[in-house]
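*Asks:* Here you go, this is query-v4.txt (compact mmCIF, C-alpha atoms).
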# COMPACT_ATOMS: atom_id res chain seq x y z
CA GLN A 1 -19.78 111.30 -81.44
CA VAL A 2 -19.52 107.74 -82.65
CA GLN A 3 -21.87 105.01 -81.49
CA LEU A 4 -20.67 101.40 -81.56
CA VAL A 5 -22.77 98.28 -81.06
CA GLU A 6 -21.08 94.87 -80.83
CA SER A 7 -22.78 91.56 -81.38
CA GLY A 8 -21.94 87.95 -82.12
CA GLY A 9 -20.48 86.76 -78.85
CA GLY A 10 -21.43 83.46 -77.32
CA SER A 11 -20.18 80.13 -76.07
CA VAL A 12 -18.12 77.79 -78.20
CA GLN A 13 -15.98 74.70 -77.73
CA PRO A 14 -12.20 74.83 -78.12
CA GLY A 15 -11.26 74.85 -81.78
CA GLY A 16 -14.51 76.52 -82.73
CA SER A 17 -15.20 79.81 -84.46
CA LEU A 18 -17.21 82.96 -83.92
CA THR A 19 -17.65 86.21 -85.79
CA LEU A 20 -18.06 89.42 -83.84
CA SER A 21 -19.66 92.47 -85.43
CA CYS A 22 -19.20 96.14 -84.61
CA ALA A 23 -21.82 98.40 -86.18
CA ALA A 24 -20.83 102.05 -86.19
CA SER A 25 -22.87 105.20 -86.60
CA GLY A 26 -22.39 108.94 -86.10
CA ARG A 27 -19.26 110.98 -86.89
CA LEU A 28 -17.61 108.28 -88.97
CA PHE A 29 -15.78 110.55 -91.41
CA ASP A 30 -13.34 111.42 -88.62
CA VAL A 31 -12.45 107.82 -87.71
CA TYR A 32 -8.78 106.94 -88.18
CA ALA A 33 -8.86 103.35 -86.99
CA THR A 34 -11.11 100.65 -85.61
CA GLU A 35 -9.75 98.29 -83.00
CA TRP A 36 -10.81 95.17 -81.15
CA TYR A 37 -9.80 94.62 -77.53
CA GLN A 38 -10.22 91.69 -75.19
CA GLN A 39 -10.56 91.94 -71.43
CA THR A 40 -10.33 89.03 -69.01
CA PRO A 41 -11.44 89.28 -65.36
CA GLY A 42 -9.03 91.31 -63.27
CA ASN A 43 -6.98 92.44 -66.25
CA GLU A 44 -6.81 95.53 -68.40
CA ARG A 45 -8.13 95.59 -71.91
CA GLU A 46 -5.61 94.38 -74.45
CA ARG A 47 -5.74 95.20 -78.13
CA VAL A 48 -5.96 92.16 -80.39
CA ALA A 49 -6.49 93.79 -83.78
CA ILE A 50 -6.45 97.18 -85.44
CA ARG A 51 -7.55 98.28 -88.90
CA THR A 52 -6.71 101.81 -90.00
CA ASN A 53 -8.74 103.82 -92.47
CA SER A 54 -6.07 103.14 -95.10
CA GLY A 55 -6.50 99.40 -94.66
CA SER A 56 -3.40 98.71 -92.61
CA ILE A 57 -3.98 95.79 -90.24
CA THR A 58 -2.02 94.60 -87.21
CA TYR A 59 -2.69 91.71 -84.82
CA ALA A 60 -1.47 90.86 -81.35
CA ASP A 61 0.90 87.90 -81.33
CA SER A 62 -1.56 85.92 -79.22
CA VAL A 63 -4.16 85.89 -82.00
CA LYS A 64 -2.06 86.16 -85.15
CA GLY A 65 -3.07 83.51 -87.66
CA ARG A 66 -6.33 82.77 -85.82
CA PHE A 67 -8.24 86.07 -85.76
CA THR A 68 -9.05 88.23 -88.78
CA ILE A 69 -10.39 91.77 -88.86
CA SER A 70 -12.44 92.90 -91.83
CA ARG A 71 -14.81 95.69 -92.79
CA ASP A 72 -18.04 96.07 -94.72
CA ALA A 73 -17.84 99.76 -95.61
CA GLY A 74 -21.34 99.84 -97.04
CA LYS A 75 -22.78 98.74 -93.71
CA ASN A 76 -20.32 100.73 -91.53
CA THR A 77 -19.50 97.46 -89.80
CA VAL A 78 -16.19 95.96 -88.75
CA PHE A 79 -15.91 92.26 -88.03
CA LEU A 80 -13.56 90.15 -85.98
CA HIS A 81 -13.45 86.55 -87.15
CA LEU A 82 -12.27 84.27 -84.35
CA ASN A 83 -11.00 80.86 -85.42
CA SER A 84 -9.25 78.00 -83.63
CA LEU A 85 -10.51 79.38 -80.36
CA LYS A 86 -8.76 78.47 -77.12
CA PRO A 87 -10.03 78.62 -73.53
CA GLU A 88 -7.67 81.53 -72.91
CA ASP A 89 -9.56 83.53 -75.54
CA THR A 90 -12.46 83.70 -73.10
CA ALA A 91 -13.02 87.41 -72.52
CA ILE A 92 -15.25 90.36 -73.12
CA TYR A 93 -14.46 91.76 -76.54
CA TYR A 94 -14.78 95.48 -77.15
CA CYS A 95 -14.83 97.45 -80.36
CA SER A 96 -13.25 100.90 -80.32
CA THR A 97 -12.73 103.71 -82.80
CA VAL A 98 -10.06 106.40 -82.71
CA SER A 99 -10.47 109.70 -84.52
CA TYR A 100 -7.73 111.64 -86.28
CA GLY A 101 -7.83 113.97 -83.30
CA GLY A 102 -7.34 111.14 -80.85
CA THR A 103 -10.87 110.85 -79.52
CA ARG A 104 -11.76 107.28 -78.59
CA TYR A 105 -15.17 105.65 -78.40
CA TRP A 106 -16.07 102.22 -77.03
CA GLY A 107 -18.85 99.78 -77.59
CA GLN A 108 -20.61 97.96 -74.77
CA GLY A 109 -18.67 94.73 -75.24
CA THR A 110 -19.69 91.19 -76.08
CA GLN A 111 -18.82 88.06 -74.10
CA VAL A 112 -16.95 85.17 -75.69
CA THR A 113 -16.65 81.96 -73.70
CA VAL A 114 -14.52 79.05 -74.91
CA SER A 115 -15.10 75.90 -72.92
CA SER A 116 -15.63 72.21 -73.39
Written as structure tokens, that's how I'd like the structure from this file.
*Replies:*
Amino acid sequence: QVQLVESGGGSVQPGGSLTLSCAASGRLFDVYATEWYQQTPGNERERVAIRTNSGSITYADSVKGRFTISRDAGKNTVFLHLNSLKPEDTAIYYCSTVSYGGTRYWGQGTQVTVSS
């Protein structure tokens, strides 16, 4: 099992920045990738960033150039840096890990609200 705890959400004005954290514990040796998803009301979760264990990183087109995923291996924490935020970035952001065997775990989510 992998336990994930997100933090760092909040309210910010358009153009502002936030950093989300995802602290992981448990069966981490089996994790292949860590991902960040966003979910808006009435919609399915959409992946915005993925970082594999080898360091390969991919972003959704909607956030490319504005969001950055990074990792502090010593703290077993993955971050999502959100810059140049837009109202349409308002969502619940979830951290997720995927094991080499395909098992997925989710955090509880953290709310990001972008509004003037």
*Asks:* What is the CA of Gly101 (chain A) to CA of Tyr59 (chain A) distance in Å?
*Replies:* 22.9 Å
*Asks:* Report, in Å with one decimal, the straight-line distance from CA of Asp61 (chain A) to CA of Glu46 (chain A).
*Replies:*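 Interatomic distance, CA of Asp61 (chain A) to CA of Glu46 (chain A): 11.5 Å.
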*Asks:* Which residue, A:Ile92, A:Gln108, A:Val98, A:Ile57, has the smallest gap to Thr40 (chain A) when you use all atoms listed in the file?
*Replies:*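 Closest to Thr40 (chain A), using all atoms listed in the file: A:Ile92.
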*Asks:* Can you tell me which residues surround Ser96 (chain A) at a distance of at most 8 Å, considering only C-alpha atoms, apart from same-chain residues fewer than 5 positions away, and format the answer as a ChimeraX atom specification?
*Replies:* /A:4,34-37,104-107
*Asks:* Just the residues within 6 Å of region 79-86 of chain A, please, counting all atoms listed in the file, with nothing from its chain fewer than 6 positions along; format it as a list of chain:residue names.
*Replies:*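 After dropping sequence-adjacent residues, the list is A:Pro14, A:Gly15, A:Gly16, A:Ser17, A:Leu18, A:Thr19, A:Leu20, A:Ser21, A:Arg66, A:Phe67, A:Thr68, A:Ile69, A:Ser70, A:Arg71.
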*Asks:* With 6 Å on each side, where is the centre of the axis-aligned box around all listed atoms of region 74-84 of chain A, and how long are its edges in Å to one decimal, as AutoDock Vina command-line options?
*Replies:*
--center_x -16.0 --center_y 89.4 --center_z -90.3 --size_x 25.5 --size_y 34.7 --size_z 25.4
*Asks:* With only C-alpha atoms as the counted atoms, please give the residues lying no more than 8 Å from Asn53 (chain A), apart from itself and same-chain residues fewer than 4 positions off, as a VMD selection string.
*Replies:* chain A and resid 31 to 34
*Asks:* Include C-alpha atoms and write out the residues we just selected as an mmCIF file, in the coordinates of the input.
*Replies:*
data_model
loop_
_atom_site.group_PDB
_atom_site.id
_atom_site.type_symbol
_atom_site.label_atom_id
_atom_site.label_comp_id
_atom_site.auth_asym_id
_atom_site.auth_seq_id
_atom_site.Cartn_x
_atom_site.Cartn_y
_atom_site.Cartn_z
ATOM 1 C CA VAL A 31 -12.450 107.820 -87.710
ATOM 2 C CA TYR A 32 -8.780 106.940 -88.180
ATOM 3 C CA ALA A 33 -8.860 103.350 -86.990
ATOM 4 C CA THR A 34 -11.110 100.650 -85.610
#
*Asks:* My list of candidates is A:Thr103, A:Gln1, A:Thr90, A:Asn76. Which is closest to Pro41 (chain A) when distances are computed with all atoms listed in the file?
*Replies:*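 For Pro41 (chain A), the nearest of the candidates is A:Thr90.
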*Asks:* Between CA of Gly65 (chain A) and CA of Ser99 (chain A), what distance in Å does the model show, to one decimal?
*Replies:*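 Taking CA of Gly65 (chain A) and CA of Ser99 (chain A), their separation equals 27.4 Å.
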*Asks:* Measuring between only C-alpha atoms, which one of A:Ser62, A:Gln13, A:Ser115, A:Thr97 shows the shortest distance to Leu28 (chain A)?
*Replies:*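 Smallest separation from Leu28 (chain A) among the options: A:Thr97.
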*Asks:* Taking only C-alpha atoms into account, which of A:Ala91, A:Ala24, A:Val2, A:Ala49 comes nearest Thr113 (chain A)?
*Replies:*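 Closest to Thr113 (chain A), using only C-alpha atoms: A:Ala91.
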*Asks:* Could you please fill out region 15-49 of chain A with N, CA and C atoms and send it back as a PDB file, keeping the file's coordinate frame?
*Replies:*
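What follows is the written file selection_39.pdb:
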ATOM      1  N   GLY A  15     -11.398  75.155 -80.365  1.00  0.00           N
ATOM      2  CA  GLY A  15     -11.260  74.850 -81.780  1.00  0.00           C
ATOM      3  C   GLY A  15     -12.359  75.433 -82.638  1.00  0.00           C
ATOM      4  N   GLY A  16     -13.387  75.962 -82.000  1.00  0.00           N
ATOM      5  CA  GLY A  16     -14.510  76.520 -82.730  1.00  0.00           C
ATOM      6  C   GLY A  16     -14.258  77.921 -83.234  1.00  0.00           C
ATOM      7  N   SER A  17     -15.299  78.490 -83.848  1.00  0.00           N
ATOM      8  CA  SER A  17     -15.200  79.810 -84.460  1.00  0.00           C
ATOM      9  C   SER A  17     -16.402  80.678 -84.095  1.00  0.00           C
ATOM     10  N   LEU A  18     -16.163  81.970 -84.093  1.00  0.00           N
ATOM     11  CA  LEU A  18     -17.210  82.960 -83.920  1.00  0.00           C
ATOM     12  C   LEU A  18     -16.863  84.171 -84.767  1.00  0.00           C
ATOM     13  N   THR A  19     -17.877  84.932 -85.131  1.00  0.00           N
ATOM     14  CA  THR A  19     -17.650  86.210 -85.790  1.00  0.00           C
ATOM     15  C   THR A  19     -18.333  87.300 -84.987  1.00  0.00           C
ATOM     16  N   LEU A  20     -17.548  88.277 -84.568  1.00  0.00           N
ATOM     17  CA  LEU A  20     -18.060  89.420 -83.840  1.00  0.00           C
ATOM     18  C   LEU A  20     -18.287  90.563 -84.820  1.00  0.00           C
ATOM     19  N   SER A  21     -19.343  91.322 -84.587  1.00  0.00           N
ATOM     20  CA  SER A  21     -19.660  92.470 -85.430  1.00  0.00           C
ATOM     21  C   SER A  21     -19.635  93.746 -84.599  1.00  0.00           C
ATOM     22  N   CYS A  22     -19.216  94.827 -85.239  1.00  0.00           N
ATOM     23  CA  CYS A  22     -19.200  96.140 -84.610  1.00  0.00           C
ATOM     24  C   CYS A  22     -19.849  97.119 -85.588  1.00  0.00           C
ATOM     25  N   ALA A  23     -21.086  97.472 -85.316  1.00  0.00           N
ATOM     26  CA  ALA A  23     -21.820  98.400 -86.180  1.00  0.00           C
ATOM     27  C   ALA A  23     -21.618  99.815 -85.673  1.00  0.00           C
ATOM     28  N   ALA A  24     -21.158 100.676 -86.568  1.00  0.00           N
ATOM     29  CA  ALA A  24     -20.830 102.050 -86.190  1.00  0.00           C
ATOM     30  C   ALA A  24     -21.797 103.043 -86.815  1.00  0.00           C
ATOM     31  N   SER A  25     -22.044 104.117 -86.085  1.00  0.00           N
ATOM     32  CA  SER A  25     -22.870 105.200 -86.600  1.00  0.00           C
ATOM     33  C   SER A  25     -22.375 106.509 -86.001  1.00  0.00           C
ATOM     34  N   GLY A  26     -22.792 107.638 -86.609  1.00  0.00           N
ATOM     35  CA  GLY A  26     -22.390 108.940 -86.100  1.00  0.00           C
ATOM     36  C   GLY A  26     -21.291 109.580 -86.932  1.00  0.00           C
ATOM     37  N   ARG A  27     -20.315 110.175 -86.267  1.00  0.00           N
ATOM     38  CA  ARG A  27     -19.260 110.980 -86.890  1.00  0.00           C
ATOM     39  C   ARG A  27     -18.169 110.075 -87.475  1.00  0.00           C
ATOM     40  N   LEU A  28     -18.519 109.289 -88.463  1.00  0.00           N
ATOM     41  CA  LEU A  28     -17.610 108.280 -88.970  1.00  0.00           C
ATOM     42  C   LEU A  28     -16.540 108.830 -89.883  1.00  0.00           C
ATOM     43  N   PHE A  29     -16.756 110.001 -90.473  1.00  0.00           N
ATOM     44  CA  PHE A  29     -15.780 110.550 -91.410  1.00  0.00           C
ATOM     45  C   PHE A  29     -14.467 110.882 -90.711  1.00  0.00           C
ATOM     46  N   ASP A  30     -14.510 111.023 -89.401  1.00  0.00           N
ATOM     47  CA  ASP A  30     -13.340 111.420 -88.620  1.00  0.00           C
ATOM     48  C   ASP A  30     -12.603 110.221 -88.005  1.00  0.00           C
ATOM     49  N   VAL A  31     -13.053 109.018 -88.323  1.00  0.00           N
ATOM     50  CA  VAL A  31     -12.450 107.820 -87.710  1.00  0.00           C
ATOM     51  C   VAL A  31     -11.149 107.466 -88.424  1.00  0.00           C
ATOM     52  N   TYR A  32     -10.085 107.311 -87.651  1.00  0.00           N
ATOM     53  CA  TYR A  32      -8.780 106.940 -88.180  1.00  0.00           C
ATOM     54  C   TYR A  32      -8.592 105.424 -88.179  1.00  0.00           C
ATOM     55  N   ALA A  33      -9.070 104.785 -87.107  1.00  0.00           N
ATOM     56  CA  ALA A  33      -8.860 103.350 -86.990  1.00  0.00           C
ATOM     57  C   ALA A  33      -9.967 102.718 -86.156  1.00  0.00           C
ATOM     58  N   THR A  34     -10.204 101.458 -86.417  1.00  0.00           N
ATOM     59  CA  THR A  34     -11.110 100.650 -85.610  1.00  0.00           C
ATOM     60  C   THR A  34     -10.308  99.518 -84.989  1.00  0.00           C
ATOM     61  N   GLU A  35     -10.538  99.287 -83.724  1.00  0.00           N
ATOM     62  CA  GLU A  35      -9.750  98.290 -83.000  1.00  0.00           C
ATOM     63  C   GLU A  35     -10.664  97.323 -82.264  1.00  0.00           C
ATOM     64  N   TRP A  36     -10.154  96.145 -82.017  1.00  0.00           N
ATOM     65  CA  TRP A  36     -10.810  95.170 -81.150  1.00  0.00           C
ATOM     66  C   TRP A  36      -9.900  94.888 -79.955  1.00  0.00           C
ATOM     67  N   TYR A  37     -10.508  94.902 -78.774  1.00  0.00           N
ATOM     68  CA  TYR A  37      -9.800  94.620 -77.530  1.00  0.00           C
ATOM     69  C   TYR A  37     -10.457  93.422 -76.854  1.00  0.00           C
ATOM     70  N   GLN A  38      -9.674  92.719 -76.053  1.00  0.00           N
ATOM     71  CA  GLN A  38     -10.220  91.690 -75.190  1.00  0.00           C
ATOM     72  C   GLN A  38      -9.854  92.015 -73.744  1.00  0.00           C
ATOM     73  N   GLN A  39     -10.788  91.705 -72.854  1.00  0.00           N
ATOM     74  CA  GLN A  39     -10.560  91.940 -71.430  1.00  0.00           C
ATOM     75  C   GLN A  39     -10.987  90.722 -70.637  1.00  0.00           C
ATOM     76  N   THR A  40     -10.037  90.150 -69.897  1.00  0.00           N
ATOM     77  CA  THR A  40     -10.330  89.030 -69.010  1.00  0.00           C
ATOM     78  C   THR A  40     -10.487  89.546 -67.594  1.00  0.00           C
ATOM     79  N   PRO A  41     -11.179  88.799 -66.732  1.00  0.00           N
ATOM     80  CA  PRO A  41     -11.440  89.280 -65.360  1.00  0.00           C
ATOM     81  C   PRO A  41     -10.154  89.655 -64.635  1.00  0.00           C
ATOM     82  N   GLY A  42     -10.160  90.838 -64.064  1.00  0.00           N
ATOM     83  CA  GLY A  42      -9.030  91.310 -63.270  1.00  0.00           C
ATOM     84  C   GLY A  42      -7.891  91.885 -64.080  1.00  0.00           C
ATOM     85  N   ASN A  43      -8.055  91.933 -65.395  1.00  0.00           N
ATOM     86  CA  ASN A  43      -6.980  92.440 -66.250  1.00  0.00           C
ATOM     87  C   ASN A  43      -7.446  93.647 -67.061  1.00  0.00           C
ATOM     88  N   GLU A  44      -6.483  94.389 -67.548  1.00  0.00           N
ATOM     89  CA  GLU A  44      -6.810  95.530 -68.400  1.00  0.00           C
ATOM     90  C   GLU A  44      -7.163  95.045 -69.807  1.00  0.00           C
ATOM     91  N   ARG A  45      -7.812  95.910 -70.522  1.00  0.00           N
ATOM     92  CA  ARG A  45      -8.130  95.590 -71.910  1.00  0.00           C
ATOM     93  C   ARG A  45      -6.845  95.537 -72.730  1.00  0.00           C
ATOM     94  N   GLU A  46      -6.760  94.527 -73.575  1.00  0.00           N
ATOM     95  CA  GLU A  46      -5.610  94.380 -74.450  1.00  0.00           C
ATOM     96  C   GLU A  46      -6.074  94.386 -75.895  1.00  0.00           C
ATOM     97  N   ARG A  47      -5.364  95.143 -76.731  1.00  0.00           N
ATOM     98  CA  ARG A  47      -5.740  95.200 -78.130  1.00  0.00           C
ATOM     99  C   ARG A  47      -5.336  93.914 -78.837  1.00  0.00           C
ATOM    100  N   VAL A  48      -6.266  93.370 -79.625  1.00  0.00           N
ATOM    101  CA  VAL A  48      -5.960  92.160 -80.390  1.00  0.00           C
ATOM    102  C   VAL A  48      -5.882  92.432 -81.886  1.00  0.00           C
ATOM    103  N   ALA A  49      -6.526  93.493 -82.351  1.00  0.00           N
ATOM    104  CA  ALA A  49      -6.490  93.790 -83.780  1.00  0.00           C
ATOM    105  C   ALA A  49      -6.807  95.250 -84.017  1.00  0.00           C
TER     106      ALA A  49
END
